[in-house]
Amino acid sequence: MKNLHFPSKIKVAIVQLKNMFTSEKVNGEYVIGGVEEKMLNVLAEKLNFQYEILTSPNGQYGSRNTNGTWDGIIGLIQSGKADMGL
């Protein structure tokens, strides 16, 4: 079976939701918490990657704009600024 390459660092776009995914910037670094944070840490450990947190610029998952682009988390992924969204 062929081994697949997984990047050593990924960018994760998030929307903050109480108890699901929370973040607070402390000394320029995001401190995260919640259920989804635990899942992300398990994935990072098992797949051996580090991650950088990006918050949704408008605090939304994403809406389609009239020109076909998206905003929110989907927009960050669509534009290549994020690799994954939670």
# chains A, B, ... in the order shown; residues from 1 in each chain; ligands from 1
>>> residues_around(residues="Gly33 of chain A", least_positions_apart="6", cutoff="8 Å", atoms="only C-alpha atoms", output="compact mmCIF listing (two decimals) with N, CA, C and O atoms, in the first residue's frame")
# COMPACT_ATOMS: atom_id res chain seq x y z
N ASN A 19 -18.53 26.24 23.73
CA ASN A 19 -18.36 24.81 24.04
C ASN A 19 -17.92 23.97 22.84
O ASN A 19 -17.47 22.84 23.03
N MET A 20 -18.05 24.46 21.62
CA MET A 20 -17.63 23.69 20.44
C MET A 20 -16.21 24.05 20.04
O MET A 20 -15.36 23.19 19.91
N PHE A 21 -15.98 25.34 19.82
CA PHE A 21 -14.65 25.80 19.44
C PHE A 21 -14.51 27.23 19.90
O PHE A 21 -15.23 28.12 19.45
N THR A 22 -13.59 27.47 20.82
CA THR A 22 -13.35 28.81 21.32
C THR A 22 -11.88 29.15 21.11
O THR A 22 -11.03 28.26 21.04
N SER A 23 -11.60 30.42 20.97
CA SER A 23 -10.21 30.85 20.85
C SER A 23 -10.03 32.21 21.50
O SER A 23 -10.96 33.02 21.54
>>> closest_residue(among="A:Asn58, A:Gly68, A:Gly85, A:Ala44", to="Ile14 of chain A", atoms="only C-alpha atoms")
A:Gly85
>>> select_by_dssp(residues="segment 21-71 of chain A", states="alpha helix (DSSP H)", output="number ranges by chain")
A: 35-47
>>> write_last_selection(atoms="all heavy atoms", output="mmCIF file, in the first residue's frame")
data_model
loop_
_atom_site.group_PDB
_atom_site.id
_atom_site.type_symbol
_atom_site.label_atom_id
_atom_site.label_comp_id
_atom_site.auth_asym_id
_atom_site.auth_seq_id
_atom_site.Cartn_x
_atom_site.Cartn_y
_atom_site.Cartn_z
ATOM 1 N N VAL A 35 -14.882 21.195 22.272
ATOM 2 C CA VAL A 35 -14.946 19.822 21.753
ATOM 3 C C VAL A 35 -14.167 19.678 20.446
ATOM 4 O O VAL A 35 -13.406 18.731 20.252
ATOM 5 C CB VAL A 35 -16.422 19.401 21.552
ATOM 6 C CG1 VAL A 35 -16.521 18.046 20.892
ATOM 7 C CG2 VAL A 35 -17.161 19.409 22.876
ATOM 8 N N GLU A 36 -14.341 20.612 19.526
ATOM 9 C CA GLU A 36 -13.669 20.514 18.230
ATOM 10 C C GLU A 36 -12.159 20.698 18.364
ATOM 11 O O GLU A 36 -11.388 20.156 17.589
ATOM 12 C CB GLU A 36 -14.267 21.512 17.243
ATOM 13 C CG GLU A 36 -15.740 21.257 17.020
ATOM 14 C CD GLU A 36 -16.118 21.041 15.584
ATOM 15 O OE1 GLU A 36 -15.301 21.269 14.694
ATOM 16 O OE2 GLU A 36 -17.263 20.638 15.360
ATOM 17 N N GLU A 37 -11.732 21.446 19.373
ATOM 18 C CA GLU A 37 -10.297 21.594 19.636
ATOM 19 C C GLU A 37 -9.710 20.244 20.018
ATOM 20 O O GLU A 37 -8.625 19.889 19.580
ATOM 21 C CB GLU A 37 -10.081 22.621 20.759
ATOM 22 C CG GLU A 37 -8.627 22.809 21.161
ATOM 23 C CD GLU A 37 -8.209 21.969 22.357
ATOM 24 O OE1 GLU A 37 -9.083 21.513 23.118
ATOM 25 O OE2 GLU A 37 -6.997 21.746 22.518
ATOM 26 N N LYS A 38 -10.431 19.485 20.811
ATOM 27 C CA LYS A 38 -9.955 18.149 21.198
ATOM 28 C C LYS A 38 -9.820 17.246 19.969
ATOM 29 O O LYS A 38 -8.837 16.528 19.817
ATOM 30 C CB LYS A 38 -10.904 17.523 22.222
ATOM 31 C CG LYS A 38 -10.827 18.170 23.590
ATOM 32 C CD LYS A 38 -11.843 17.559 24.549
ATOM 33 C CE LYS A 38 -11.776 18.088 25.940
ATOM 34 N NZ LYS A 38 -11.874 19.485 26.135
ATOM 35 N N MET A 39 -10.805 17.305 19.071
ATOM 36 C CA MET A 39 -10.749 16.515 17.842
ATOM 37 C C MET A 39 -9.555 16.939 16.988
ATOM 38 O O MET A 39 -8.820 16.096 16.463
ATOM 39 C CB MET A 39 -12.042 16.665 17.038
ATOM 40 C CG MET A 39 -12.017 15.878 15.740
ATOM 41 S SD MET A 39 -13.385 16.229 14.645
ATOM 42 C CE MET A 39 -13.032 17.889 14.149
ATOM 43 N N LEU A 40 -9.345 18.245 16.857
ATOM 44 C CA LEU A 40 -8.228 18.748 16.062
ATOM 45 C C LEU A 40 -6.897 18.285 16.652
ATOM 46 O O LEU A 40 -5.998 17.876 15.912
ATOM 47 C CB LEU A 40 -8.291 20.279 15.981
ATOM 48 C CG LEU A 40 -7.195 20.956 15.175
ATOM 49 C CD1 LEU A 40 -7.180 20.462 13.731
ATOM 50 C CD2 LEU A 40 -7.388 22.471 15.217
ATOM 51 N N ASN A 41 -6.773 18.291 17.964
ATOM 52 C CA ASN A 41 -5.529 17.840 18.589
ATOM 53 C C ASN A 41 -5.300 16.344 18.391
ATOM 54 O O ASN A 41 -4.165 15.914 18.203
ATOM 55 C CB ASN A 41 -5.508 18.197 20.074
ATOM 56 C CG ASN A 41 -5.200 19.659 20.292
ATOM 57 O OD1 ASN A 41 -4.549 20.299 19.469
ATOM 58 N ND2 ASN A 41 -5.682 20.212 21.380
ATOM 59 N N VAL A 42 -6.354 15.538 18.418
ATOM 60 C CA VAL A 42 -6.213 14.098 18.152
ATOM 61 C C VAL A 42 -5.750 13.879 16.713
ATOM 62 O O VAL A 42 -4.829 13.095 16.458
ATOM 63 C CB VAL A 42 -7.540 13.342 18.428
ATOM 64 C CG1 VAL A 42 -7.502 11.940 17.851
ATOM 65 C CG2 VAL A 42 -7.832 13.310 19.915
ATOM 66 N N LEU A 43 -6.365 14.596 15.767
ATOM 67 C CA LEU A 43 -5.947 14.478 14.363
ATOM 68 C C LEU A 43 -4.488 14.897 14.193
ATOM 69 O O LEU A 43 -3.716 14.220 13.507
ATOM 70 C CB LEU A 43 -6.839 15.337 13.460
ATOM 71 C CG LEU A 43 -8.262 14.852 13.258
ATOM 72 C CD1 LEU A 43 -9.073 15.903 12.510
ATOM 73 C CD2 LEU A 43 -8.280 13.523 12.512
ATOM 74 N N ALA A 44 -4.113 16.015 14.818
ATOM 75 C CA ALA A 44 -2.740 16.516 14.702
ATOM 76 C C ALA A 44 -1.736 15.510 15.259
ATOM 77 O O ALA A 44 -0.667 15.300 14.676
ATOM 78 C CB ALA A 44 -2.616 17.859 15.420
ATOM 79 N N GLU A 45 -2.093 14.884 16.376
ATOM 80 C CA GLU A 45 -1.197 13.895 16.971
ATOM 81 C C GLU A 45 -1.081 12.654 16.093
ATOM 82 O O GLU A 45 0.019 12.173 15.824
ATOM 83 C CB GLU A 45 -1.702 13.505 18.356
ATOM 84 C CG GLU A 45 -0.823 12.494 19.050
ATOM 85 C CD GLU A 45 -1.384 12.053 20.404
ATOM 86 O OE1 GLU A 45 -2.077 12.851 21.063
ATOM 87 O OE2 GLU A 45 -1.127 10.899 20.770
ATOM 88 N N LYS A 46 -2.206 12.126 15.634
ATOM 89 C CA LYS A 46 -2.203 10.878 14.861
ATOM 90 C C LYS A 46 -1.609 11.054 13.466
ATOM 91 O O LYS A 46 -0.965 10.148 12.946
ATOM 92 C CB LYS A 46 -3.618 10.304 14.740
ATOM 93 C CG LYS A 46 -4.209 9.888 16.069
ATOM 94 C CD LYS A 46 -3.408 8.785 16.714
ATOM 95 C CE LYS A 46 -4.032 8.376 18.032
ATOM 96 N NZ LYS A 46 -3.209 7.450 18.783
ATOM 97 N N LEU A 47 -1.840 12.223 12.854
ATOM 98 C CA LEU A 47 -1.326 12.473 11.505
ATOM 99 C C LEU A 47 -0.026 13.264 11.516
ATOM 100 O O LEU A 47 0.512 13.603 10.464
ATOM 101 C CB LEU A 47 -2.388 13.203 10.666
ATOM 102 C CG LEU A 47 -3.656 12.401 10.396
ATOM 103 C CD1 LEU A 47 -4.697 13.279 9.715
ATOM 104 C CD2 LEU A 47 -3.357 11.164 9.562
#
>>> select_by_dssp(residues="chain A", states="strand (DSSP E)", output="list of chain:residue names")
A:Lys9, A:Ile10, A:Lys11, A:Val12, A:Ala13, A:Ile14, A:Thr22, A:Ser23, A:Glu24, A:Lys25, A:Val26, A:Glu29, A:Tyr30, A:Val31, A:Ile32, A:Gly33, A:Gln50, A:Tyr51, A:Glu52, A:Ile53, A:Leu54, A:Thr55, A:Met84, A:Gly85
>>> closest_residue(among="A:Gly34, A:Glu29, A:Thr69, A:Glu52", to="Ala82 of chain A", atoms="only C-alpha atoms")
A:Glu52
>>> closest_residue(among="A:Thr55, A:Gly80, A:Asn48, A:Lys9", to="Glu24 of chain A", atoms="only C-alpha atoms")
A:Thr55
>>> decode(residues="chain A", atoms="C-alpha atoms", output="mmCIF file, in the first residue's frame")
data_model
loop_
_atom_site.group_PDB
_atom_site.id
_atom_site.type_symbol
_atom_site.label_atom_id
_atom_site.label_comp_id
_atom_site.auth_asym_id
_atom_site.auth_seq_id
_atom_site.Cartn_x
_atom_site.Cartn_y
_atom_site.Cartn_z
ATOM 1 C CA MET A 1 0.000 0.000 0.000
ATOM 2 C CA LYS A 2 1.340 3.415 -0.966
ATOM 3 C CA ASN A 3 1.845 5.978 1.818
ATOM 4 C CA LEU A 4 0.112 9.276 1.243
ATOM 5 C CA HIS A 5 1.874 12.554 2.024
ATOM 6 C CA PHE A 6 0.265 14.753 4.663
ATOM 7 C CA PRO A 7 1.621 18.271 5.234
ATOM 8 C CA SER A 8 3.549 18.999 8.424
ATOM 9 C CA LYS A 9 1.610 22.229 9.043
ATOM 10 C CA ILE A 10 -1.908 23.223 8.027
ATOM 11 C CA LYS A 11 -4.033 26.344 8.406
ATOM 12 C CA VAL A 12 -7.401 25.775 10.083
ATOM 13 C CA ALA A 13 -10.213 28.333 9.710
ATOM 14 C CA ILE A 14 -12.664 28.442 12.611
ATOM 15 C CA VAL A 15 -15.931 29.973 13.724
ATOM 16 C CA GLN A 16 -16.129 30.407 17.471
ATOM 17 C CA LEU A 17 -19.068 28.642 19.107
ATOM 18 C CA LYS A 18 -19.462 28.285 22.858
ATOM 19 C CA ASN A 19 -18.357 24.809 24.037
ATOM 20 C CA MET A 20 -17.633 23.691 20.442
ATOM 21 C CA PHE A 21 -14.652 25.803 19.440
ATOM 22 C CA THR A 22 -13.345 28.810 21.324
ATOM 23 C CA SER A 23 -10.208 30.849 20.852
ATOM 24 C CA GLU A 24 -8.481 33.679 22.599
ATOM 25 C CA LYS A 25 -5.356 35.473 21.431
ATOM 26 C CA VAL A 26 -2.689 35.556 24.158
ATOM 27 C CA ASN A 27 0.722 37.091 23.417
ATOM 28 C CA GLY A 28 0.053 36.875 19.669
ATOM 29 C CA GLU A 29 -0.863 33.167 19.773
ATOM 30 C CA TYR A 30 -4.312 31.580 19.751
ATOM 31 C CA VAL A 31 -5.268 29.528 22.806
ATOM 32 C CA ILE A 32 -8.110 27.248 21.794
ATOM 33 C CA GLY A 33 -10.651 25.113 23.609
ATOM 34 C CA GLY A 34 -13.886 23.173 23.189
ATOM 35 C CA VAL A 35 -14.946 19.822 21.753
ATOM 36 C CA GLU A 36 -13.669 20.514 18.230
ATOM 37 C CA GLU A 37 -10.297 21.594 19.636
ATOM 38 C CA LYS A 38 -9.955 18.149 21.198
ATOM 39 C CA MET A 39 -10.749 16.515 17.842
ATOM 40 C CA LEU A 40 -8.228 18.748 16.062
ATOM 41 C CA ASN A 41 -5.529 17.840 18.589
ATOM 42 C CA VAL A 42 -6.213 14.098 18.152
ATOM 43 C CA LEU A 43 -5.947 14.478 14.363
ATOM 44 C CA ALA A 44 -2.740 16.516 14.702
ATOM 45 C CA GLU A 45 -1.197 13.895 16.971
ATOM 46 C CA LYS A 46 -2.203 10.878 14.861
ATOM 47 C CA LEU A 47 -1.326 12.473 11.505
ATOM 48 C CA ASN A 48 1.748 14.232 12.912
ATOM 49 C CA PHE A 49 1.023 17.832 11.897
ATOM 50 C CA GLN A 50 0.983 21.266 13.478
ATOM 51 C CA TYR A 51 -1.715 23.822 12.801
ATOM 52 C CA GLU A 52 -2.255 27.545 12.633
ATOM 53 C CA ILE A 53 -5.662 28.983 13.554
ATOM 54 C CA LEU A 54 -7.411 31.526 11.332
ATOM 55 C CA THR A 55 -10.699 33.034 12.478
ATOM 56 C CA SER A 56 -13.481 33.666 10.003
ATOM 57 C CA PRO A 57 -13.241 37.355 9.028
ATOM 58 C CA ASN A 58 -16.993 37.851 9.387
ATOM 59 C CA GLY A 59 -17.638 35.200 12.045
ATOM 60 C CA GLN A 60 -19.676 33.094 9.599
ATOM 61 C CA TYR A 61 -19.347 29.681 7.977
ATOM 62 C CA GLY A 62 -19.815 31.208 4.543
ATOM 63 C CA SER A 63 -22.278 32.675 2.104
ATOM 64 C CA ARG A 64 -22.028 32.678 -1.656
ATOM 65 C CA ASN A 65 -21.535 36.100 -3.213
ATOM 66 C CA THR A 66 -23.155 37.169 -6.474
ATOM 67 C CA ASN A 67 -19.820 36.787 -8.310
ATOM 68 C CA GLY A 68 -19.528 33.114 -7.252
ATOM 69 C CA THR A 69 -16.962 33.590 -4.503
ATOM 70 C CA TRP A 70 -17.610 32.842 -0.860
ATOM 71 C CA ASP A 71 -17.001 34.640 2.418
ATOM 72 C CA GLY A 72 -16.419 33.170 5.898
ATOM 73 C CA ILE A 73 -14.631 29.861 6.404
ATOM 74 C CA ILE A 74 -15.573 28.578 2.953
ATOM 75 C CA GLY A 75 -14.055 31.723 1.421
ATOM 76 C CA LEU A 76 -10.789 31.179 3.307
ATOM 77 C CA ILE A 77 -10.606 27.614 1.991
ATOM 78 C CA GLN A 78 -11.691 28.608 -1.543
ATOM 79 C CA SER A 79 -8.981 31.295 -1.736
ATOM 80 C CA GLY A 80 -6.285 28.933 -0.441
ATOM 81 C CA LYS A 81 -5.713 30.920 2.760
ATOM 82 C CA ALA A 82 -6.892 27.926 4.855
ATOM 83 C CA ASP A 83 -6.527 24.174 4.344
ATOM 84 C CA MET A 84 -9.382 23.066 6.569
ATOM 85 C CA GLY A 85 -12.420 24.559 8.304
ATOM 86 C CA LEU A 86 -14.132 23.766 11.604
#
